[in-house]
Amino acid sequence: MEGPLYHLAIIPDGNRRWAKQHGLPLIEGHRIGIDKLRKVLEWCRNLNIRMVTLWGFSIENFERDKVEVNLLMKLFEMKIEEVNREEVHQHKIRVRVLGRKDMLPKKVREKIEGFEKDTENYSGYYVNILLAYGGRQEIVDACNSIIRDCREGKIKSVDEKSFAEYLYTKDIPEPDLVIRTSGEQRLSGLMPWQTAYSELYFCPKLWPDFSEQDLKDALDDYQSRKRRFGK
């Protein structure tokens, strides 16, 4: 592979199935899955991966059982509070949450906003978390913003470069590699515009069982490939 891996995107799938396999409540699978996210971010720093994007909750996930969704939102609120701020400041990690944040509970939004503001000037590492996110919805939101700006006379046309400026990820480089766990071999709407030329790696393990060696195996596989970008 030519050049280092800068941006890794992860679909951490399989928390609910893991909980069922172990006879645990679904929310316990989510809790363990969130704790695994923090561990994986540590492994990524050790491997000098500067940017990691994690899919935490999709718009479609709101259609799940209301009790599960409410418990998960409370878990998000608690885990944001538990994040080791000293570690974040020590490594100068900028944290951003991307998605339709207005769909999230007020307390979750407030904690997210505080976290983003506290880290907005950091540039050591970058962590992007997709919450209330959908790839199609992101493109729809971009199109509506373009329509608005056209009506206001701010723009007359768009090309690929200018269209990308309307996405949630407007100042974020496209992922080099996408890892999905649990054996599912699809992206399920993860950044459809941005992943056009990303390399894909599907790990059969459920997310709570994902190990440091699994991460290294994915990176080894990535390094063995040659990215052609359609050329």
# chains A, B, ... in the order shown; residues from 1 in each chain; ligands from 1
>>> closest_atom_pairs(of="stretch 84-143 of chain A", to="stretch 161-176 of chain A", cutoff="10 Å", atoms="only C-alpha atoms", output="Markdown table")
| residue | atom | partner | partner_atom | distance |
| --- | --- | --- | --- | --- |
| A:Val97 | CA | A:Tyr168 | CA | 9.5 |
| A:Leu98 | CA | A:Tyr168 | CA | 6.2 |
| A:Gly99 | CA | A:Tyr168 | CA | 7.1 |
| A:Arg100 | CA | A:Tyr168 | CA | 9.5 |
| A:Tyr126 | CA | A:Ile172 | CA | 9.6 |
| A:Asn128 | CA | A:Ile172 | CA | 9.2 |
| A:Leu130 | CA | A:Tyr168 | CA | 9.9 |
| A:Tyr133 | CA | A:Tyr168 | CA | 9.8 |
| A:Gly135 | CA | A:Leu167 | CA | 9.9 |
| A:Glu138 | CA | A:Leu167 | CA | 6.4 |
| A:Ile139 | CA | A:Leu167 | CA | 6.8 |
| A:Val140 | CA | A:Leu167 | CA | 9.4 |
| A:Asp141 | CA | A:Leu167 | CA | 7.8 |
| A:Ala142 | CA | A:Tyr166 | CA | 4.9 |
| A:Cys143 | CA | A:Tyr166 | CA | 7.9 |
>>> write_last_selection(atoms="N, CA and C atoms", output="short mmCIF file (atom, residue, chain, number, x, y, z; two decimals), in the first residue's frame")
data_model
loop_
_atom_site.label_atom_id
_atom_site.label_comp_id
_atom_site.auth_asym_id
_atom_site.auth_seq_id
_atom_site.Cartn_x
_atom_site.Cartn_y
_atom_site.Cartn_z
N VAL A 97 -18.96 15.15 16.76
CA VAL A 97 -20.12 14.29 16.56
C VAL A 97 -20.83 14.76 15.30
N LEU A 98 -21.08 13.82 14.38
CA LEU A 98 -21.68 14.15 13.10
C LEU A 98 -23.02 13.44 12.95
N GLY A 99 -24.01 14.14 12.46
CA GLY A 99 -25.32 13.56 12.26
C GLY A 99 -26.40 14.60 12.54
N ARG A 100 -27.63 14.16 12.59
CA ARG A 100 -28.75 15.05 12.89
C ARG A 100 -28.89 15.15 14.41
N TYR A 126 -7.80 12.76 15.90
CA TYR A 126 -9.16 13.17 15.60
C TYR A 126 -10.10 11.98 15.75
N ASN A 128 -14.15 11.11 15.21
CA ASN A 128 -15.47 11.52 14.72
C ASN A 128 -16.47 10.44 15.11
N LEU A 130 -20.40 9.17 14.76
CA LEU A 130 -21.64 9.33 14.00
C LEU A 130 -22.81 8.95 14.90
N TYR A 133 -27.10 9.37 12.69
CA TYR A 133 -26.49 9.53 11.36
C TYR A 133 -27.09 8.56 10.35
N GLY A 135 -26.35 7.90 5.96
CA GLY A 135 -25.65 8.38 4.78
C GLY A 135 -26.55 9.05 3.77
N GLU A 138 -27.59 12.39 5.07
CA GLU A 138 -26.52 13.38 4.95
C GLU A 138 -26.54 14.02 3.56
N ILE A 139 -26.72 13.20 2.53
CA ILE A 139 -26.77 13.71 1.16
C ILE A 139 -28.02 14.57 0.94
N VAL A 140 -29.15 14.14 1.51
CA VAL A 140 -30.37 14.94 1.41
C VAL A 140 -30.17 16.30 2.08
N ASP A 141 -29.57 16.31 3.26
CA ASP A 141 -29.31 17.57 3.95
C ASP A 141 -28.40 18.47 3.12
N ALA A 142 -27.40 17.87 2.48
CA ALA A 142 -26.49 18.65 1.63
C ALA A 142 -27.27 19.26 0.45
N CYS A 143 -28.13 18.46 -0.17
CA CYS A 143 -28.91 18.95 -1.31
C CYS A 143 -29.83 20.10 -0.90
#
>>> residues_around(residues="A:Glu82", least_positions_apart="4", cutoff="12 Å", atoms="only C-alpha atoms", output="list in words")
Ile34, Asp35, Arg38, Leu75, Phe76, Glu77, Met78, Glu86, Glu87, Val88, Lys111 and Phe115 of chain A
>>> write_last_selection(atoms="C-alpha atoms", output="short mmCIF file (atom, residue, chain, number, x, y, z; two decimals), in the first residue's frame")
data_model
loop_
_atom_site.label_atom_id
_atom_site.label_comp_id
_atom_site.auth_asym_id
_atom_site.auth_seq_id
_atom_site.Cartn_x
_atom_site.Cartn_y
_atom_site.Cartn_z
CA ILE A 34 -18.87 1.45 24.09
CA ASP A 35 -16.09 0.47 26.48
CA ARG A 38 -12.33 3.48 23.98
CA LEU A 75 -25.93 5.27 28.39
CA PHE A 76 -24.53 7.76 25.85
CA GLU A 77 -25.08 10.56 28.33
CA MET A 78 -23.34 8.64 31.11
CA GLU A 86 -7.24 13.98 31.14
CA GLU A 87 -6.47 11.39 28.45
CA VAL A 88 -8.23 13.45 25.79
CA LYS A 111 -22.77 17.11 26.76
CA PHE A 115 -17.04 18.07 24.64
#
>>> select_by_dssp(residues="stretch 37-215 of chain A", states="alpha helix (DSSP H)", output="PDB file with C-alpha atoms, in the first residue's frame")
ATOM      1  CA  LEU A  37     -14.547   1.712  21.490  1.00  0.00           C
ATOM      2  CA  ARG A  38     -12.327   3.480  23.976  1.00  0.00           C
ATOM      3  CA  LYS A  39      -9.885   0.567  23.986  1.00  0.00           C
ATOM      4  CA  VAL A  40      -9.742   0.471  20.194  1.00  0.00           C
ATOM      5  CA  LEU A  41      -8.992   4.198  20.092  1.00  0.00           C
ATOM      6  CA  GLU A  42      -6.011   3.532  22.364  1.00  0.00           C
ATOM      7  CA  TRP A  43      -4.784   0.785  19.999  1.00  0.00           C
ATOM      8  CA  CYS A  44      -5.179   3.169  17.061  1.00  0.00           C
ATOM      9  CA  ARG A  45      -3.077   5.824  18.789  1.00  0.00           C
ATOM     10  CA  ASN A  46      -0.377   3.237  19.453  1.00  0.00           C
ATOM     11  CA  LYS A  66     -38.396   2.613  22.606  1.00  0.00           C
ATOM     12  CA  VAL A  67     -37.205   1.193  25.918  1.00  0.00           C
ATOM     13  CA  GLU A  68     -33.920   0.073  24.340  1.00  0.00           C
ATOM     14  CA  VAL A  69     -33.447   3.427  22.580  1.00  0.00           C
ATOM     15  CA  ASN A  70     -34.108   5.397  25.779  1.00  0.00           C
ATOM     16  CA  LEU A  71     -31.703   3.237  27.774  1.00  0.00           C
ATOM     17  CA  LEU A  72     -29.072   3.645  25.080  1.00  0.00           C
ATOM     18  CA  MET A  73     -29.449   7.432  25.113  1.00  0.00           C
ATOM     19  CA  LYS A  74     -28.994   7.462  28.886  1.00  0.00           C
ATOM     20  CA  LEU A  75     -25.929   5.267  28.387  1.00  0.00           C
ATOM     21  CA  PHE A  76     -24.526   7.756  25.848  1.00  0.00           C
ATOM     22  CA  GLU A  77     -25.079  10.561  28.331  1.00  0.00           C
ATOM     23  CA  MET A  78     -23.340   8.638  31.112  1.00  0.00           C
ATOM     24  CA  LYS A  79     -20.416   7.480  28.982  1.00  0.00           C
ATOM     25  CA  ILE A  80     -19.745  10.972  27.635  1.00  0.00           C
ATOM     26  CA  GLU A  81     -19.528  12.096  31.250  1.00  0.00           C
ATOM     27  CA  GLU A  82     -17.186   9.215  32.092  1.00  0.00           C
ATOM     28  CA  ARG A  85     -10.847  14.119  29.944  1.00  0.00           C
ATOM     29  CA  GLU A  86      -7.237  13.982  31.141  1.00  0.00           C
ATOM     30  CA  GLU A  87      -6.469  11.389  28.450  1.00  0.00           C
ATOM     31  CA  VAL A  88      -8.232  13.453  25.790  1.00  0.00           C
ATOM     32  CA  HIS A  89      -6.288  16.580  26.758  1.00  0.00           C
ATOM     33  CA  GLN A  90      -3.023  14.694  27.119  1.00  0.00           C
ATOM     34  CA  LYS A 106     -31.305  17.620  25.056  1.00  0.00           C
ATOM     35  CA  LYS A 107     -28.957  16.368  27.787  1.00  0.00           C
ATOM     36  CA  VAL A 108     -26.991  14.283  25.292  1.00  0.00           C
ATOM     37  CA  ARG A 109     -26.714  17.268  22.921  1.00  0.00           C
ATOM     38  CA  GLU A 110     -25.506  19.532  25.711  1.00  0.00           C
ATOM     39  CA  LYS A 111     -22.774  17.114  26.762  1.00  0.00           C
ATOM     40  CA  ILE A 112     -21.718  16.643  23.138  1.00  0.00           C
ATOM     41  CA  GLU A 113     -21.537  20.389  22.565  1.00  0.00           C
ATOM     42  CA  GLY A 114     -19.412  20.838  25.676  1.00  0.00           C
ATOM     43  CA  PHE A 115     -17.039  18.068  24.644  1.00  0.00           C
ATOM     44  CA  GLU A 116     -16.670  19.431  21.122  1.00  0.00           C
ATOM     45  CA  LYS A 117     -15.967  22.933  22.406  1.00  0.00           C
ATOM     46  CA  ASP A 118     -13.375  21.683  24.909  1.00  0.00           C
ATOM     47  CA  THR A 119     -11.417  19.919  22.150  1.00  0.00           C
ATOM     48  CA  GLY A 135     -25.645   8.383   4.785  1.00  0.00           C
ATOM     49  CA  ARG A 136     -28.657   9.078   2.593  1.00  0.00           C
ATOM     50  CA  GLN A 137     -29.917  11.671   5.059  1.00  0.00           C
ATOM     51  CA  GLU A 138     -26.517  13.382   4.951  1.00  0.00           C
ATOM     52  CA  ILE A 139     -26.768  13.713   1.158  1.00  0.00           C
ATOM     53  CA  VAL A 140     -30.375  14.944   1.411  1.00  0.00           C
ATOM     54  CA  ASP A 141     -29.311  17.569   3.955  1.00  0.00           C
ATOM     55  CA  ALA A 142     -26.494  18.646   1.625  1.00  0.00           C
ATOM     56  CA  CYS A 143     -28.914  18.955  -1.309  1.00  0.00           C
ATOM     57  CA  ASN A 144     -31.339  21.053   0.718  1.00  0.00           C
ATOM     58  CA  SER A 145     -28.513  23.369   1.780  1.00  0.00           C
ATOM     59  CA  ILE A 146     -27.443  23.736  -1.857  1.00  0.00           C
ATOM     60  CA  ILE A 147     -31.026  24.543  -2.907  1.00  0.00           C
ATOM     61  CA  ARG A 148     -31.213  27.199  -0.187  1.00  0.00           C
ATOM     62  CA  ASP A 149     -27.926  28.788  -1.239  1.00  0.00           C
ATOM     63  CA  CYS A 150     -28.996  28.749  -4.899  1.00  0.00           C
ATOM     64  CA  ARG A 151     -32.226  30.535  -4.044  1.00  0.00           C
ATOM     65  CA  GLU A 160     -17.889  17.192  -6.841  1.00  0.00           C
ATOM     66  CA  LYS A 161     -15.531  19.374  -4.822  1.00  0.00           C
ATOM     67  CA  SER A 162     -18.097  22.021  -3.930  1.00  0.00           C
ATOM     68  CA  PHE A 163     -20.800  19.416  -3.214  1.00  0.00           C
ATOM     69  CA  ALA A 164     -18.510  17.784  -0.637  1.00  0.00           C
ATOM     70  CA  GLU A 212      -5.981  -5.704  19.060  1.00  0.00           C
ATOM     71  CA  GLN A 213      -4.770  -8.574  16.878  1.00  0.00           C
ATOM     72  CA  ASP A 214      -7.948  -8.292  14.785  1.00  0.00           C
ATOM     73  CA  LEU A 215      -7.153  -4.632  14.221  1.00  0.00           C
TER      74      LEU A 215
END
>>> select_by_dssp(residues="stretch 80-126 of chain A", states="strand (DSSP E)", output="MDAnalysis selection string")
chainID A and resid 93:98 125:126
>>> residues_around(residues="stretch 196-198 of chain A", least_positions_apart="3", cutoff="12 Å", atoms="only C-alpha atoms", output="NGL selection string")
:A and (5-10 or 173-179 or 187 or 189-193 or 201 or 222 or 225-231)
>>> atom_distance(atom1="atom CA of A:Gly29", atom2="atom CA of A:Arg16")
5.6 Å
